[in-house]
>>> print(open('run-v7.txt').read())   # compact mmCIF, C-alpha atoms and all ligand atoms
# COMPACT_ATOMS: atom_id res chain seq x y z
CA MET A 1 115.74 86.02 106.33
CA VAL A 2 117.48 88.90 104.63
CA GLU A 3 118.08 91.83 106.99
CA LEU A 4 117.19 95.07 105.28
CA PRO A 5 118.84 98.41 105.98
CA ALA A 6 116.52 101.07 107.42
CA GLY A 7 115.27 103.86 105.14
CA PRO A 8 114.66 103.74 101.39
CA LEU A 9 115.13 100.34 99.81
CA ALA A 10 117.74 100.07 97.02
CA ALA A 11 116.34 98.19 93.97
CA ALA A 12 118.85 95.35 94.38
CA ASP A 13 117.89 94.98 98.06
CA ALA A 14 114.23 95.10 97.09
CA ARG A 15 114.67 92.25 94.58
CA ARG A 16 116.84 90.24 97.01
CA HIS A 17 114.26 90.74 99.72
CA ALA A 18 111.35 89.70 97.47
CA ARG A 19 113.19 86.50 96.43
CA ALA A 20 113.98 85.76 100.11
CA VAL A 21 110.36 86.33 101.15
CA LEU A 22 109.05 84.14 98.35
CA ALA A 23 111.67 81.42 99.03
CA THR A 24 111.20 81.07 102.84
CA GLY A 25 108.67 78.68 104.38
CA THR A 26 106.32 81.37 105.60
CA GLY A 27 107.08 83.39 102.45
CA ALA A 28 104.70 80.70 101.18
CA ALA A 29 102.03 82.63 103.12
CA VAL A 30 102.79 85.70 101.01
CA ARG A 31 102.91 83.55 97.86
CA ALA A 32 99.67 81.76 98.80
CA ALA A 33 98.06 85.13 99.50
CA ALA A 34 99.49 86.48 96.22
CA ALA A 35 98.22 83.52 94.13
CA ALA A 36 94.64 83.25 95.41
CA PRO A 37 91.75 84.80 93.42
CA ALA A 38 90.78 88.13 95.00
CA PRO A 39 88.54 87.20 97.90
CA ARG A 40 87.54 89.91 100.35
CA PRO A 41 89.98 89.68 103.26
CA PRO A 42 88.68 89.84 106.84
CA ILE A 43 88.13 93.54 107.59
CA VAL A 44 87.31 94.90 111.03
CA ALA A 45 85.16 98.05 111.10
CA ARG A 46 86.83 100.78 113.21
CA PRO A 47 85.09 103.87 111.86
CA ILE A 48 86.44 107.31 112.74
CA PRO A 49 83.92 110.15 113.26
CA PHE A 50 83.04 111.43 109.75
CA GLY A 51 79.75 113.19 110.24
CA ALA A 52 78.00 115.97 108.30
CA GLU A 53 80.48 118.65 109.41
CA ARG A 54 83.56 116.68 108.31
CA ARG A 55 81.86 115.79 105.02
CA ARG A 56 81.09 119.49 104.47
CA GLN A 57 84.77 120.29 105.15
CA MET A 58 85.85 117.59 102.66
CA ALA A 59 83.55 119.02 99.98
CA ALA A 60 84.97 122.52 100.56
CA TYR A 61 88.51 121.11 100.44
CA SER A 62 87.70 119.35 97.14
CA LEU A 63 86.41 122.58 95.66
CA ARG A 64 89.64 124.43 96.59
CA HIS A 65 91.97 121.67 95.42
CA TYR A 66 90.17 119.83 92.62
CA GLY A 67 87.48 122.29 91.49
CA GLU A 68 84.52 120.09 92.47
CA ALA A 69 82.49 120.60 95.68
CA THR A 70 81.93 117.02 96.75
CA ALA A 71 83.04 114.67 99.54
CA ARG A 72 82.07 111.63 97.48
CA LEU A 73 84.66 109.22 96.11
CA THR A 74 83.15 107.75 92.98
CA ASP A 75 85.00 105.35 90.67
CA PRO A 76 88.43 105.42 92.38
CA LYS A 77 91.32 105.20 89.92
CA LEU A 78 94.21 104.28 92.16
CA ILE A 79 95.34 102.91 95.53
CA VAL A 80 98.01 104.72 97.57
CA GLU A 81 100.12 102.79 100.12
CA HIS A 82 101.34 104.62 103.23
CA PHE A 83 103.00 103.99 106.57
CA THR A 84 101.81 105.92 109.64
CA ALA A 85 105.21 106.95 111.06
CA THR A 86 103.92 105.65 114.40
CA THR A 87 104.71 102.46 116.27
CA SER A 88 101.18 101.96 117.59
CA TYR A 89 97.77 101.48 116.03
CA ALA A 90 96.03 103.66 118.64
CA SER A 91 98.12 106.77 118.00
CA ALA A 92 97.46 106.55 114.26
CA TRP A 93 93.73 105.94 114.71
CA ASN A 94 93.48 108.85 117.15
CA THR A 95 95.23 111.19 114.71
CA PHE A 96 92.77 110.30 111.94
CA ALA A 97 89.78 110.58 114.29
CA ALA A 98 90.85 113.97 115.66
CA ASN A 99 90.02 115.88 112.44
CA ALA A 100 92.71 118.42 113.38
CA PRO A 101 93.66 121.14 110.85
CA ASP A 102 97.01 120.54 109.11
CA VAL A 103 99.94 122.49 110.55
CA GLU A 104 100.81 124.32 107.33
CA LEU A 105 97.66 125.63 105.67
CA HIS A 106 95.44 125.06 108.74
CA GLU A 107 92.88 123.34 106.52
CA ARG A 108 90.21 120.94 107.59
CA PRO A 109 89.19 118.19 107.29
CA GLY A 110 92.06 116.48 109.03
CA VAL A 111 94.03 113.64 107.47
CA CYS A 112 92.71 110.09 107.32
CA ALA A 113 92.84 106.90 105.25
CA HIS A 114 90.19 104.33 104.32
CA PHE A 115 92.11 101.39 105.81
CA LEU A 116 94.65 100.98 108.60
CA ILE A 117 96.59 97.70 108.77
CA ASP A 118 98.14 96.79 112.10
CA ARG A 119 101.49 95.00 112.48
CA ASP A 120 99.78 91.66 113.19
CA GLY A 121 98.02 91.85 109.83
CA THR A 122 94.64 92.99 111.18
CA ILE A 123 92.90 95.08 108.52
CA THR A 124 90.61 97.78 109.85
CA GLN A 125 88.32 100.10 107.87
CA LEU A 126 88.07 103.69 109.12
CA VAL A 127 86.09 105.43 106.36
CA PRO A 128 83.54 104.14 103.79
CA LEU A 129 84.88 103.78 100.23
CA THR A 130 82.21 106.21 99.05
CA LEU A 131 83.90 109.11 100.87
CA ARG A 132 87.10 110.99 100.10
CA CYS A 133 89.87 110.97 102.67
CA ARG A 134 92.76 113.43 102.90
CA HIS A 135 95.84 111.22 102.58
CA THR A 136 97.74 112.24 99.41
CA ILE A 137 98.07 115.80 98.08
CA GLY A 138 96.79 116.01 94.50
CA LEU A 139 95.05 112.60 94.49
CA ASN A 140 92.41 112.52 97.25
CA HIS A 141 89.61 112.96 94.67
CA VAL A 142 90.49 109.67 92.93
CA ALA A 143 92.43 107.54 95.43
CA ILE A 144 91.82 104.92 98.10
CA GLY A 145 94.29 105.25 100.97
CA ILE A 146 95.80 102.27 102.83
CA GLU A 147 97.90 103.05 105.92
CA HIS A 148 100.27 100.56 107.57
CA VAL A 149 101.29 100.96 111.21
CA GLY A 150 105.04 101.42 111.00
CA VAL A 151 107.96 103.79 110.69
CA SER A 152 109.67 102.65 107.46
CA ASP A 153 109.14 100.88 104.14
CA ALA A 154 111.49 98.12 105.24
CA GLY A 155 109.53 97.65 108.45
CA VAL A 156 106.29 96.99 106.57
CA MET A 157 107.87 94.93 103.77
CA GLY A 158 109.70 92.84 106.36
CA ASP A 159 106.53 92.17 108.38
CA ARG A 160 105.05 89.08 106.73
CA ALA A 161 101.66 89.19 108.43
CA GLN A 162 101.21 92.88 107.62
CA LEU A 163 102.51 92.49 104.05
CA ALA A 164 100.29 89.46 103.31
CA ALA A 165 97.24 91.36 104.61
CA SER A 166 98.20 94.43 102.58
CA LEU A 167 98.55 92.40 99.36
CA GLN A 168 95.21 90.68 99.95
CA LEU A 169 93.40 93.96 100.62
CA THR A 170 94.99 95.73 97.66
CA ARG A 171 94.21 92.88 95.31
CA TRP A 172 90.60 92.73 96.47
CA LEU A 173 90.22 96.49 95.91
CA GLN A 174 91.88 96.17 92.48
CA ALA A 175 89.39 93.51 91.46
CA ARG A 176 86.45 95.43 92.90
CA PHE A 177 87.25 98.76 91.17
CA GLY A 178 89.21 97.52 88.15
CA ILE A 179 92.41 99.27 89.26
CA ARG A 180 95.55 98.35 87.29
CA THR A 181 98.65 97.25 89.19
CA GLY A 182 100.46 100.24 87.69
CA ASP A 183 97.98 102.45 89.57
CA VAL A 184 98.86 100.91 92.91
CA ILE A 185 101.42 103.45 94.06
CA GLY A 186 103.41 104.52 97.09
CA HIS A 187 102.77 107.96 98.60
CA ALA A 188 106.27 108.91 97.44
CA GLU A 189 105.21 108.23 93.82
CA SER A 190 102.19 110.57 93.87
CA LEU A 191 103.71 113.25 91.63
CA SER A 192 104.24 110.80 88.77
CA SER A 193 100.63 109.62 88.72
CA PRO A 194 98.69 110.64 85.58
CA TYR A 195 95.76 111.44 87.89
CA TYR A 196 97.72 114.00 89.92
CA HIS A 197 95.87 117.33 90.08
CA GLU A 198 96.36 120.18 92.54
CA ASN A 199 94.84 123.66 92.19
CA VAL A 200 96.53 125.14 95.27
CA ALA A 201 99.91 126.46 94.13
CA ALA A 202 101.48 126.26 97.61
CA LEU A 203 100.93 122.52 97.62
CA ARG A 204 101.65 121.69 93.99
CA GLY A 205 104.71 119.42 93.71
CA ARG A 206 104.53 118.37 97.36
CA THR A 207 104.69 114.71 98.36
CA HIS A 208 105.86 112.45 101.20
CA GLY A 209 108.65 109.83 101.42
CA ASP A 210 106.65 106.77 102.45
CA PHE A 211 106.55 103.75 100.10
CA ALA A 212 109.31 104.83 97.77
CA HIS A 213 109.54 103.73 94.13
CA ALA A 214 112.04 100.90 94.82
CA THR A 215 109.79 99.49 97.54
CA MET A 216 106.78 99.68 95.25
CA GLU A 217 108.71 97.81 92.57
CA THR A 218 108.73 94.82 94.89
CA TYR A 219 105.19 95.38 96.08
CA ARG A 220 103.80 95.60 92.53
CA ALA A 221 105.85 92.56 91.50
CA MET A 222 104.08 90.57 94.18
CA LEU A 223 100.72 91.87 92.95
CA SER A 224 101.67 91.15 89.30
CA HIS A 225 102.79 87.67 90.30
CA SER A 226 99.32 86.97 91.68
CA LEU A 227 97.61 88.40 88.58
CA ALA A 228 99.87 86.39 86.23
CA SER A 229 99.26 83.07 88.02
CA ARG A 230 95.48 83.79 88.19
CA SER A 231 95.22 84.58 84.42
CA THR A 232 97.18 81.47 83.30
CA ARG A 233 94.86 79.28 85.34
CA VAL A 234 91.80 80.91 83.72
CA ALA A 235 93.34 80.63 80.23
CA VAL A 236 93.96 76.87 80.55
CA THR A 237 90.66 75.76 82.00
CA PRO A 238 88.39 76.28 78.95
CA ALA A 239 90.96 74.55 76.75
CA ARG A 240 90.64 71.34 78.66
CA THR A 241 90.32 68.57 76.08
CA ALA A 242 89.03 64.99 76.36
CA SER A 243 92.18 63.68 78.04
CA SER A 244 91.74 65.48 81.35
CA TRP A 245 95.14 64.28 82.59
CA ALA A 246 96.99 66.31 79.91
CA ALA A 247 94.84 69.40 80.63
CA LYS A 248 95.34 68.97 84.40
CA ALA A 249 99.15 68.78 83.97
CA ARG A 250 99.37 71.95 81.87
CA PRO A 251 98.42 74.49 84.55
CA ARG A 252 101.12 73.24 86.88
CA ARG A 253 103.81 73.47 84.18
CA ILE A 254 102.76 77.01 83.20
CA ALA A 255 102.41 78.14 86.83
CA SER A 256 105.89 76.86 87.71
CA ALA A 257 107.24 78.54 84.56
CA VAL A 258 105.66 81.84 85.65
CA SER A 259 107.03 81.51 89.17
CA SER A 260 110.49 80.45 87.97
CA VAL A 261 110.54 83.48 85.62
CA HIS A 262 109.46 85.57 88.54
CA SER A 263 112.01 84.09 90.93
CA SER A 264 114.86 84.37 88.40
CA THR A 265 114.43 87.81 86.90
CA ALA A 266 111.04 89.25 87.25
CA ILE A 267 111.01 91.12 90.52
CA VAL A 268 111.30 94.07 88.25
CA PRO A 269 107.65 95.10 88.34
CA ALA A 270 105.48 95.18 85.34
CA SER A 271 104.24 98.73 85.33
CA GLY A 272 100.64 97.56 85.42
CA PRO A 273 99.41 94.23 83.98
ZN ZN B 1 101.75 108.73 103.25
>>> encode(input="run-v7.txt", output="structure tokens")
Amino acid sequence: MVELPAGPLAAADARRHARAVLATGTGAAVRAAAAAPAPRPPIVARPIPFGAERRRQMAAYSLRHYGEATARLTDPKLIVEHFTATTSYASAWNTFAANAPDVELHERPGVCAHFLIDRDGTITQLVPLTLRCRHTIGLNHVAIGIEHVGVSDAGVMGDRAQLAASLQLTRWLQARFGIRTGDVIGHAESLSSPYYHENVAALRGRTHGDFAHATMETYRAMLSHSLASRSTRVAVTPARTASSWAAKARPRRIASAVSSVHSSTAIVPASGP
């Protein structure tokens, strides 16, 4: 197992880490999770209070920041990955449930995310996907937020159970809403998203450091790997000819080619499939 330095992940470390994860026995869990079609992963409902008052606050927030008075999240365009900067699930959940005004502009509603993934890989849902959550300045009107209990990118990427759950959830959401892998971003990448929009000048250009670009290169590579292996399988099946043996052999050869490409060079993410 490759030990990763704390803090932002250098690209070379990211690639080394991804190869190590994919090569180790239980990295197979990540690979298996990455290669499967996009089934809905087990999700535990842990809703935070999000009643009429909080929805009214979210609509007012949306009007100030995006020019549209609605709390509804319709047709999400991207997924933003976060870590909670906490070591426990409970402290993160309590923060999201508290609906406290932010310390700077004293705005409500308070921060939250749609999903919170614990260190053991348990996926919990806090807010319905039809509602906007405040998790990323400039993108809350178009983005699904996934939080990971943890204090660093390396901590989440090095936690196989949490990472496998995160990949499964993200892939399922991608399939459900037709979200490209290039639109699966880290919080730290928010400013470079084509969907970024912020009307409040004091907040324009603001972002956070969680899930930096180098980390997301690895993360997206794992997502792309799953998409690539899924599409080659689909492509081969209809072409099956009379001699089923030949057709059966082809998928394996292509799949191993894809994975060998991936393992040799490719943990340089495709920016979207
Ligand atoms: Zn964040």
>>> closest_residue(input="run-v7.txt", among="A:Phe83, A:Phe50, A:Tyr61, A:Tyr219", to="Gly150 of chain A", atoms="all atoms listed in the file")
A:Phe83
>>> residues_around(input="run-v7.txt", residues="segment 111-121 of chain A", least_positions_apart="4", cutoff="7 Å", atoms="only C-alpha atoms", output="PyMOL selection string")
chain A and resi 89+96+99+125-129+133-135+144-149+161-162+165
>>> write_last_selection(input="run-v7.txt", atoms="C-alpha atoms", output="PDB file, keeping the file's coordinate frame")
ATOM      1  CA  TYR A  89      97.770 101.480 116.030  1.00  0.00           C
ATOM      2  CA  PHE A  96      92.770 110.300 111.940  1.00  0.00           C
ATOM      3  CA  ASN A  99      90.020 115.880 112.440  1.00  0.00           C
ATOM      4  CA  GLN A 125      88.320 100.100 107.870  1.00  0.00           C
ATOM      5  CA  LEU A 126      88.070 103.690 109.120  1.00  0.00           C
ATOM      6  CA  VAL A 127      86.090 105.430 106.360  1.00  0.00           C
ATOM      7  CA  PRO A 128      83.540 104.140 103.790  1.00  0.00           C
ATOM      8  CA  LEU A 129      84.880 103.780 100.230  1.00  0.00           C
ATOM      9  CA  CYS A 133      89.870 110.970 102.670  1.00  0.00           C
ATOM     10  CA  ARG A 134      92.760 113.430 102.900  1.00  0.00           C
ATOM     11  CA  HIS A 135      95.840 111.220 102.580  1.00  0.00           C
ATOM     12  CA  ILE A 144      91.820 104.920  98.100  1.00  0.00           C
ATOM     13  CA  GLY A 145      94.290 105.250 100.970  1.00  0.00           C
ATOM     14  CA  ILE A 146      95.800 102.270 102.830  1.00  0.00           C
ATOM     15  CA  GLU A 147      97.900 103.050 105.920  1.00  0.00           C
ATOM     16  CA  HIS A 148     100.270 100.560 107.570  1.00  0.00           C
ATOM     17  CA  VAL A 149     101.290 100.960 111.210  1.00  0.00           C
ATOM     18  CA  ALA A 161     101.660  89.190 108.430  1.00  0.00           C
ATOM     19  CA  GLN A 162     101.210  92.880 107.620  1.00  0.00           C
ATOM     20  CA  ALA A 165      97.240  91.360 104.610  1.00  0.00           C
TER      21      ALA A 165
END
>>> closest_residue(input="run-v7.txt", among="A:Gly51, A:Gly182, A:Gly110, A:Gly209", to="ligand ZN 1 (chain B)", atoms="all atoms listed in the file")
A:Gly209
>>> closest_residue(input="run-v7.txt", among="A:Gly186, A:Gly155, A:Pro47, A:Gly205", to="ligand ZN 1 (chain B)", atoms="only C-alpha atoms and all ligand atoms")
A:Gly186
>>> residues_near_ligand(input="run-v7.txt", ligand="ligand ZN 1 (chain B)", cutoff="6 Å", atoms="all atoms listed in the file", output="list in words")
His82, Phe83, His187, His208 and Asp210 of chain A
>>> closest_residue(input="run-v7.txt", among="A:Ile79, A:Val103, A:Ala52, A:Met157", to="Thr218 of chain A", atoms="all atoms listed in the file")
A:Met157
>>> closest_residue(input="run-v7.txt", among="A:Thr87, A:Asn94, A:Thr181, A:Thr207", to="Leu167 of chain A", atoms="all atoms listed in the file")
A:Thr181
>>> residues_near_point(input="run-v7.txt", point="(100.1, 117.2, 90.8)", cutoff="12 Å", atoms="all atoms listed in the file", output="list in words")
His65, Tyr66, Thr136, Ile137, Gly138, Leu139, Asn140, His141, Glu189, Ser190, Leu191, Ser192, Ser193, Pro194, Tyr195, Tyr196, His197, Glu198, Asn199, Val200, Ala201, Ala202, Leu203, Arg204, Gly205, Arg206 and Thr207 of chain A
>>> atom_distance(input="run-v7.txt", atom1="atom CA of Gln57 of chain A", atom2="atom CA of Ala85 of chain A")
25.1 Å
>>> closest_residue(input="run-v7.txt", among="A:Val80, A:Met58, A:Ala143, A:Leu131", to="Pro101 of chain A", atoms="all atoms listed in the file")
A:Met58
>>> decode(input="run-v7.txt", residues="segment 76-92 of chain A", atoms="N, CA, C and O atoms", output="short mmCIF file (atom, residue, chain, number, x, y, z; two decimals), in the first residue's frame")
data_model
loop_
_atom_site.label_atom_id
_atom_site.label_comp_id
_atom_site.auth_asym_id
_atom_site.auth_seq_id
_atom_site.Cartn_x
_atom_site.Cartn_y
_atom_site.Cartn_z
N PRO A 76 -30.04 18.32 -12.50
CA PRO A 76 -28.69 18.65 -12.06
C PRO A 76 -27.65 18.40 -13.15
O PRO A 76 -27.74 17.42 -13.88
N LYS A 77 -26.68 19.29 -13.25
CA LYS A 77 -25.68 19.22 -14.31
C LYS A 77 -24.35 18.65 -13.84
O LYS A 77 -23.54 18.23 -14.66
N LEU A 78 -24.10 18.71 -12.53
CA LEU A 78 -22.81 18.20 -12.08
C LEU A 78 -22.88 17.67 -10.65
O LEU A 78 -23.85 17.91 -9.95
N ILE A 79 -21.83 16.93 -10.28
CA ILE A 79 -21.69 16.35 -8.95
C ILE A 79 -20.43 16.94 -8.33
O ILE A 79 -19.37 16.97 -8.99
N VAL A 80 -20.53 17.44 -7.10
CA VAL A 80 -19.36 18.01 -6.43
C VAL A 80 -18.98 17.14 -5.25
O VAL A 80 -19.83 16.81 -4.40
N GLU A 81 -17.70 16.71 -5.20
CA GLU A 81 -17.17 15.87 -4.13
C GLU A 81 -16.52 16.75 -3.06
O GLU A 81 -15.79 17.70 -3.39
N HIS A 82 -16.83 16.43 -1.79
CA HIS A 82 -16.32 17.21 -0.66
C HIS A 82 -15.79 16.28 0.43
O HIS A 82 -16.17 15.12 0.50
N PHE A 83 -14.96 16.80 1.34
CA PHE A 83 -14.77 16.14 2.62
C PHE A 83 -15.19 17.10 3.71
O PHE A 83 -15.16 18.32 3.54
N THR A 84 -15.62 16.53 4.85
CA THR A 84 -16.32 17.31 5.89
C THR A 84 -15.38 18.11 6.77
O THR A 84 -15.83 18.99 7.51
N ALA A 85 -14.11 17.81 6.77
CA ALA A 85 -13.14 18.41 7.72
C ALA A 85 -13.51 18.05 9.16
O ALA A 85 -13.24 18.82 10.09
N THR A 86 -14.14 16.91 9.32
CA THR A 86 -14.44 16.37 10.66
C THR A 86 -13.97 14.92 10.69
O THR A 86 -13.81 14.29 9.64
N THR A 87 -13.77 14.40 11.88
CA THR A 87 -13.37 12.99 11.97
C THR A 87 -14.57 12.10 12.29
O THR A 87 -14.46 10.89 12.30
N SER A 88 -15.70 12.70 12.60
CA SER A 88 -16.87 11.88 12.93
C SER A 88 -18.07 12.21 12.04
O SER A 88 -18.24 13.34 11.60
N TYR A 89 -18.88 11.20 11.84
CA TYR A 89 -20.12 11.34 11.07
C TYR A 89 -21.08 12.28 11.80
O TYR A 89 -21.63 13.21 11.22
N ALA A 90 -21.23 12.04 13.12
CA ALA A 90 -22.23 12.79 13.90
C ALA A 90 -21.99 14.29 13.85
O ALA A 90 -22.92 15.07 13.65
N SER A 91 -20.73 14.72 13.97
CA SER A 91 -20.49 16.17 13.98
C SER A 91 -20.83 16.78 12.63
O SER A 91 -21.36 17.89 12.57
N ALA A 92 -20.58 16.06 11.56
CA ALA A 92 -20.94 16.59 10.23
C ALA A 92 -22.45 16.65 10.08
O ALA A 92 -23.01 17.67 9.68
#
